[in-house]
Amino acid sequence: MSLIIHYLWLIPAVPLVASLAILSLANAWRRSAAALAVAGQTAALALSAVAFLPTLQTHGFRAVQNFTWFTFGDNALRLGFVLDPLAAAMLLMISLVGLCIFVFSIGYMAEDKNFVRFFAYLSFFSGAMLGVVVANSLLLLFIFWELVGLASYLLIGLWIERPSAAAAAKKAFITTRIGDMGFFVGMLWLYNRSGTLLFYDDGKGCLESAGLAMLGASATFIALLIFFGAVGKSGQFPLHVWLPDAMEGPTPVSALIHAATMVAAGVFLVARVYPLFSLGAINGVTSSLTVVVWIGVTTALMAALIAIAQADIKRILAYSTVSQLGLMMVSLGVGGMAAGIMHLLAHGFFKALLFLGSGSVIHGCHSEQDIRKMGGLRRFMPVTFVTYAIGMMALSGVPFFFSGGWTKEEILHAVGHWPPSRAPYYLMFAGVVLTAFYMTRQIIYVFFGNSRTAAKQAHESPPVMTIPLIVLALGAILLSIVLTPAWPWLHDYLTGESVHFEIGRLIQPMLFVSLALVSAGIGIAVWMYRKAGVQDGDRPADIDPLEHAQPALFRFLANKMWIDELYARTVIAFSWIAALLSDWMDRYFWDGLVRGFGAIGQVFAMFTAGVDERGINTGVDETTVGARGLGRLMSAAHSGQIQIYLGIVAIGMLALLLLYAWLA
Amino acid sequence: MTPTLQIFLIVSAALFSIGLLAALSRRHAIFILIGIELMLAAANLNFIAFWRFAPQPHQPTGVMFAIFSIAISAAEAAVGLAMVIAVYRHYHTTNVDQLNQLKG
């Protein structure tokens, strides 16, 4: 038992506290805000490194620290933190990539008026994501999960004055919330069956044998419901629509959402509750895992196809993220959990690199995002070009030198051994070719050929932006050291086995398959787009060669397969009609009911008012009028004329005398 | 003609009526006081008359009543006159018709 487990809560807490501190700063304190954010993230990175150490010493290390949040009746709701290789590796990746993004943002957001707010949200985002990773309770994970959702909402909508940003933020929030509904129901079901939401609790947790034994057949449904949450968060089909729109946020946010944090959360969640998915597996196949595979395959291919026809530099990357996440899901589904997580970690580096690189390009081209208006940027932005090319090759899966290549081969290897079907294997081949294709197309448009309109005054970004790019590029390359089959350190670290070095395993057949696929993708793209960037002038690039060849197909892809439109016609139209109906009900039916009761009250009130006015009030009035008249009469007798008083006394006495005389 | 009780009572009643008439009809405060003195004198006359024609006229009870009454009326006259003077100083009049309020 290591000491760090007692302080594990500090890792998410530090950035969260930094975020609160930044929020309390005035808008002008830009330096302090950036310093606080970077300091918080650095502290998180240092703590993650410390937490990483004990996991290295023992194979399959796992330490938990649970505590009771509150008790109701005889039940105690317990939360906790866990440290295992999965969490430790994720922690290190998130905090390192996050730190690069933070530093990059200092340069990218330098002239933005929302600088302080931006860094507060960024810290908050990072802290929430770190919390997801260290949670040892599905409930605690869900809490951080929702915080991640909130942070993404705040960051995507950072430029609140832009209606499209506000709409994208809302879309991201609502779409992921649909997935979270499933997650929540699955969580309640799990609690109902197993009585605990702790993952690991000395054999009593819901992911350990005793807890799993109580689930029985419901495990499939629980797993699928939880997977639905992951579908929303990780942008899987059919809930992927929010992810490309999330590009409305500042580019570092896109990097953070797409690389290190939010979308990784879904894949991480599936990996974390993997025992739920694999419960009762026959030959490594369960129905829930099969669903994961097919969702992943659909997503990966569909997104890769859409990415081909996009013109916005960030949108291409967004769809590539969706596609890569699909690939990770496939890997998890076929049982290659370690391969999926390895790809997630490697993807964190090179996708952050690509997004930051695109941020650098956009910064250099004065906020132009259309790749058809760029071109020839390699001469103006050498550092960005080199690092971007490294990221592109890692994403395409160029073998041997780049981390992405090794992890992709690992995934393909795992998919190839999936018993039920060979189809995902070949479809993944197509995915790899497409990935190489669209990335080559993008890089040709952006960095090669002649400079077009937006690239005329392009300039290289300042060091505060290029240094994070270099660090991430090094990460994207050097990570392959621990990924090779010759020394599969990361794989065995994640699965808890001891690693052996064996140079003979370095060259696998898959290496050549992969090489062939990637070269095919790059080759086709180079051949198709060989003339794309050549024509000069102050106008955007000509019609896309693919559009020239297949106009209908290109339009279909460029319009994102009309899925947004489909949703607008079905789901959104349905809720629109439902909203109109409930509006009508509210306005006329319920309102009428309320008004009816109101009218009854009104009539009754009028009646009582009449009684009050005519009966009680008049009675009181008349009494006072009478009293006043009497008073006037009496006061008239008090004339102050003393002789009249005396005369009355005399008359009274005379009257008494006469009475006496008469009675006597 | 021997004096009888009736004659005294008639004189006394006349005296009282005259005093009452004076007190009710005169407007001058001093005349009203004089009227009141007349009524008191009528009462004193009645005391003396009833004592003189009583069965035992040896004990001077009636005289004592009359003497007390005269003393009280003297005091009352003194107070009354003092008040008339005070009123006159304040209002510069002794007409009781104009003295119809207590506040000064």
# chains A, B, ... in the order shown; residues from 1 in each chain; ligands from 1

$ interface_residues --of "chain B" --to "chain A" --cutoff "7 Å" --atoms "only C-alpha atoms" --output "PyMOL selection string"
chain B and resi 24+97+100-101

$ write_last_selection --atoms "N, CA and C atoms" --output "CSV table (one decimal), in the first residue's frame"
chain,number,residue,atom,x,y,z
B,24,LEU,N,-82.0,84.3,37.3
B,24,LEU,CA,-82.2,83.8,35.9
B,24,LEU,C,-82.2,84.9,34.9
B,97,ASP,N,-73.8,86.2,29.5
B,97,ASP,CA,-74.1,85.7,28.1
B,97,ASP,C,-72.8,85.5,27.3
B,100,ASN,N,-69.3,82.1,27.9
B,100,ASN,CA,-69.9,80.7,27.6
B,100,ASN,C,-68.9,79.6,27.4
B,101,GLN,N,-67.7,79.9,27.8
B,101,GLN,CA,-66.7,78.8,27.7
B,101,GLN,C,-65.8,78.8,28.9

$ select_by_dssp --residues "stretch 189-433 of chain A" --states "strand (DSSP E or B)" --output "PyMOL selection string"
chain A and resi 198+282+285+312+370

$ residues_around --residues "A:Val361" --least-positions-apart "2" --cutoff "9 Å" --atoms "only C-alpha atoms" --output "list in words"
Leu356, Gly357, Ser358, Gly359, His363, Gly364, Cys365, His366, Ser367, Glu368, Gln369, Leu377, Met381, Thr384, Phe385, Val446, Ala458, His459, Glu460 and Ser461 of chain A

$ closest_residue --among "A:Ala87, A:Ile362, A:Ala18, A:Met329" --to "A:Thr298" --atoms "only C-alpha atoms"
A:Met329

$ residues_around --residues "A:Ala128" --least-positions-apart "2" --cutoff "7 Å" --atoms "only C-alpha atoms" --output "MDAnalysis selection string"
chainID A and resid 12 124:126 130:132 144 147:148

$ residues_around --residues "A:Lys560" --least-positions-apart "2" --cutoff "12 Å" --atoms "only C-alpha atoms" --output "short mmCIF file (atom, residue, chain, number, x, y, z; two decimals) with N, CA and C atoms, in the first residue's frame"
data_model
loop_
_atom_site.label_atom_id
_atom_site.label_comp_id
_atom_site.auth_asym_id
_atom_site.auth_seq_id
_atom_site.Cartn_x
_atom_site.Cartn_y
_atom_site.Cartn_z
N HIS A 240 -22.88 11.28 -32.31
CA HIS A 240 -21.61 11.93 -32.63
C HIS A 240 -21.80 13.37 -33.08
N VAL A 241 -23.03 13.80 -33.31
CA VAL A 241 -23.26 15.07 -34.01
C VAL A 241 -22.72 16.29 -33.26
N PRO A 244 -18.27 17.52 -33.97
CA PRO A 244 -17.78 18.49 -34.96
C PRO A 244 -18.24 19.92 -34.66
N ASP A 245 -19.45 20.06 -34.14
CA ASP A 245 -19.92 21.41 -33.82
C ASP A 245 -19.15 22.01 -32.66
N MET A 302 -17.91 5.80 -40.89
CA MET A 302 -18.74 6.93 -41.28
C MET A 302 -17.98 8.24 -41.10
N ALA A 303 -17.35 8.39 -39.95
CA ALA A 303 -16.65 9.64 -39.69
C ALA A 303 -15.48 9.81 -40.64
N ALA A 304 -14.78 8.71 -40.96
CA ALA A 304 -13.65 8.81 -41.88
C ALA A 304 -14.13 9.26 -43.26
N LEU A 305 -15.28 8.73 -43.68
CA LEU A 305 -15.83 9.13 -44.98
C LEU A 305 -16.21 10.61 -44.99
N ILE A 306 -16.85 11.04 -43.92
CA ILE A 306 -17.28 12.44 -43.88
C ILE A 306 -16.05 13.36 -43.88
N ALA A 307 -15.00 12.93 -43.18
CA ALA A 307 -13.81 13.77 -43.07
C ALA A 307 -13.20 14.06 -44.43
N ILE A 308 -13.39 13.16 -45.39
CA ILE A 308 -12.80 13.34 -46.72
C ILE A 308 -13.28 14.62 -47.37
N ALA A 309 -14.54 14.96 -47.14
CA ALA A 309 -15.15 16.03 -47.92
C ALA A 309 -15.26 17.34 -47.15
N GLN A 310 -14.59 17.45 -46.02
CA GLN A 310 -14.71 18.69 -45.24
C GLN A 310 -13.65 19.70 -45.68
N ALA A 311 -13.97 20.96 -45.53
CA ALA A 311 -13.03 22.00 -45.93
C ALA A 311 -12.48 22.78 -44.75
N ARG A 315 -12.67 20.86 -38.61
CA ARG A 315 -13.72 19.85 -38.78
C ARG A 315 -13.14 18.52 -39.25
N ILE A 316 -12.12 18.60 -40.10
CA ILE A 316 -11.49 17.36 -40.56
C ILE A 316 -10.92 16.62 -39.35
N TYR A 319 -13.71 15.08 -37.22
CA TYR A 319 -14.22 13.79 -37.70
C TYR A 319 -13.17 12.71 -37.57
N LEU A 553 -21.76 12.06 -54.53
CA LEU A 553 -21.16 11.44 -53.35
C LEU A 553 -20.48 12.51 -52.48
N PHE A 554 -19.78 13.41 -53.16
CA PHE A 554 -19.06 14.44 -52.42
C PHE A 554 -20.03 15.33 -51.64
N ARG A 555 -21.13 15.68 -52.29
CA ARG A 555 -22.11 16.52 -51.59
C ARG A 555 -22.68 15.80 -50.38
N PHE A 556 -22.93 14.50 -50.57
CA PHE A 556 -23.45 13.67 -49.48
C PHE A 556 -22.50 13.68 -48.29
N LEU A 557 -21.21 13.55 -48.57
CA LEU A 557 -20.23 13.51 -47.50
C LEU A 557 -19.99 14.90 -46.92
N ALA A 558 -19.92 15.89 -47.81
CA ALA A 558 -19.65 17.24 -47.33
C ALA A 558 -20.75 17.72 -46.40
N TRP A 562 -25.98 14.16 -44.12
CA TRP A 562 -27.29 14.73 -43.77
C TRP A 562 -27.85 14.17 -42.47
N ILE A 563 -26.93 13.80 -41.56
CA ILE A 563 -27.43 13.24 -40.30
C ILE A 563 -28.03 14.35 -39.44
N ASP A 564 -27.40 15.51 -39.45
CA ASP A 564 -27.97 16.63 -38.70
C ASP A 564 -29.36 16.95 -39.22
N GLU A 565 -29.47 16.94 -40.56
CA GLU A 565 -30.77 17.25 -41.16
C GLU A 565 -31.79 16.17 -40.81
N LEU A 566 -31.29 14.92 -40.82
CA LEU A 566 -32.19 13.81 -40.46
C LEU A 566 -32.70 13.99 -39.04
N TYR A 567 -31.79 14.34 -38.14
CA TYR A 567 -32.21 14.56 -36.75
C TYR A 567 -33.16 15.74 -36.67
#

$ residues_around --residues "A:Val433" --least-positions-apart "3" --cutoff "8 Å" --atoms "only C-alpha atoms" --output "NGL selection string"
:A and (429-430 or 436-437 or 517-518 or 520-522)

$ write_last_selection --atoms "N, CA and C atoms" --output "mmCIF file, in the first residue's frame"
data_model
loop_
_atom_site.group_PDB
_atom_site.id
_atom_site.type_symbol
_atom_site.label_atom_id
_atom_site.label_comp_id
_atom_site.auth_asym_id
_atom_site.auth_seq_id
_atom_site.Cartn_x
_atom_site.Cartn_y
_atom_site.Cartn_z
ATOM 1 N N PHE A 429 -9.570 -1.998 -42.155
ATOM 2 C CA PHE A 429 -8.587 -1.729 -43.213
ATOM 3 C C PHE A 429 -9.001 -0.487 -43.993
ATOM 4 N N ALA A 430 -10.279 -0.501 -44.396
ATOM 5 C CA ALA A 430 -10.793 0.650 -45.143
ATOM 6 C C ALA A 430 -10.640 1.926 -44.321
ATOM 7 N N ALA A 436 -5.495 7.824 -43.728
ATOM 8 C CA ALA A 436 -4.292 8.303 -44.400
ATOM 9 C C ALA A 436 -4.676 9.240 -45.541
ATOM 10 N N PHE A 437 -5.774 8.912 -46.221
ATOM 11 C CA PHE A 437 -6.216 9.692 -47.380
ATOM 12 C C PHE A 437 -6.601 11.116 -46.976
ATOM 13 N N LEU A 517 -1.442 -0.498 -46.376
ATOM 14 C CA LEU A 517 -2.685 0.278 -46.272
ATOM 15 C C LEU A 517 -2.391 1.770 -46.243
ATOM 16 N N VAL A 518 -1.418 2.139 -45.406
ATOM 17 C CA VAL A 518 -1.123 3.560 -45.247
ATOM 18 C C VAL A 518 -0.555 4.131 -46.539
ATOM 19 N N ALA A 520 -1.141 3.076 -49.470
ATOM 20 C CA ALA A 520 -2.248 3.185 -50.417
ATOM 21 C C ALA A 520 -3.004 4.482 -50.187
ATOM 22 N N GLY A 521 -3.335 4.744 -48.932
ATOM 23 C CA GLY A 521 -4.097 5.967 -48.619
ATOM 24 C C GLY A 521 -3.336 7.206 -49.023
ATOM 25 N N ILE A 522 -2.065 7.281 -48.612
ATOM 26 C CA ILE A 522 -1.284 8.474 -48.911
ATOM 27 C C ILE A 522 -1.078 8.597 -50.417
#

$ residues_around --residues "stretch 47-52 of chain B" --least-positions-apart "6" --cutoff "10 Å" --atoms "only C-alpha atoms" --output "ChimeraX atom specification"
/B:4-9,12,41,58-66,69

$ atom_distance --atom1 "atom CA of A:Thr286" --atom2 "atom CA of A:Pro420"
10.3 Å

$ select_by_dssp --residues "stretch 46-155 of chain A" --states "helix (DSSP H, G or I)" --output "PyMOL selection string"
chain A and resi 46-57+85-108+115-134+138-155

$ atom_distance --atom1 "atom CA of A:Ile470" --atom2 "atom CA of A:Val526"
26.0 Å

$ closest_residue --among "A:Arg31, A:Thr466, A:Ser323, A:Ala414" --to "A:Val386" --atoms "only C-alpha atoms"
A:Thr466

$ atom_distance --atom1 "atom CA of A:Leu515" --atom2 "atom CA of A:Val398"
6.7 Å

$ decode --residues "stretch 455-511 of chain A" --atoms "C-alpha atoms" --output "CSV table (one decimal), in the first residue's frame"
chain,number,residue,atom,x,y,z
A,455,ALA,CA,-1.8,32.4,-46.6
A,456,LYS,CA,-0.3,35.6,-48.0
A,457,GLN,CA,0.5,37.2,-44.7
A,458,ALA,CA,1.0,34.0,-42.8
A,459,HIS,CA,3.7,34.0,-40.0
A,460,GLU,CA,5.2,31.5,-37.6
A,461,SER,CA,3.7,31.5,-34.1
A,462,PRO,CA,5.6,32.6,-31.1
A,463,PRO,CA,7.7,30.1,-29.0
A,464,VAL,CA,5.1,29.8,-26.3
A,465,MET,CA,3.0,28.1,-29.0
A,466,THR,CA,5.6,26.2,-30.9
A,467,ILE,CA,7.4,24.7,-27.8
A,468,PRO,CA,4.2,22.7,-26.7
A,469,LEU,CA,4.0,21.5,-30.3
A,470,ILE,CA,7.6,20.2,-30.2
A,471,VAL,CA,7.0,18.5,-26.8
A,472,LEU,CA,3.9,16.8,-28.1
A,473,ALA,CA,5.6,15.8,-31.4
A,474,LEU,CA,8.4,14.2,-29.4
A,475,GLY,CA,5.8,12.5,-27.3
A,476,ALA,CA,4.1,11.2,-30.4
A,477,ILE,CA,7.4,9.7,-31.6
A,478,LEU,CA,9.0,8.6,-28.4
A,479,LEU,CA,5.9,6.9,-27.0
A,480,SER,CA,6.5,4.2,-29.7
A,481,ILE,CA,9.5,2.9,-27.6
A,482,VAL,CA,7.1,1.4,-25.1
A,483,LEU,CA,4.6,0.2,-27.8
A,484,THR,CA,6.6,-2.0,-30.0
A,485,PRO,CA,5.9,-5.8,-30.0
A,486,ALA,CA,9.6,-6.3,-29.3
A,487,TRP,CA,9.2,-4.6,-25.9
A,488,PRO,CA,5.4,-4.2,-25.4
A,489,TRP,CA,6.0,-2.4,-22.1
A,490,LEU,CA,2.8,-0.4,-22.0
A,491,HIS,CA,0.7,-3.4,-23.1
A,492,ASP,CA,2.0,-5.5,-20.3
A,493,TYR,CA,1.9,-2.7,-17.9
A,494,LEU,CA,-1.8,-2.3,-18.5
A,495,THR,CA,-2.6,-6.0,-18.4
A,496,GLY,CA,-0.4,-6.5,-15.4
A,497,GLU,CA,2.1,-8.9,-16.8
A,498,SER,CA,5.9,-8.7,-16.7
A,499,VAL,CA,7.5,-7.5,-19.8
A,500,HIS,CA,10.2,-9.3,-21.8
A,501,PHE,CA,12.4,-7.9,-24.5
A,502,GLU,CA,12.6,-10.0,-27.6
A,503,ILE,CA,13.9,-8.3,-30.7
A,504,GLY,CA,12.5,-11.1,-32.9
A,505,ARG,CA,9.0,-9.9,-32.3
A,506,LEU,CA,9.7,-6.5,-33.7
A,507,ILE,CA,8.8,-7.3,-37.2
A,508,GLN,CA,5.3,-8.7,-37.4
A,509,PRO,CA,3.3,-9.5,-40.6
A,510,MET,CA,0.9,-6.8,-39.5
A,511,LEU,CA,3.6,-4.3,-40.0
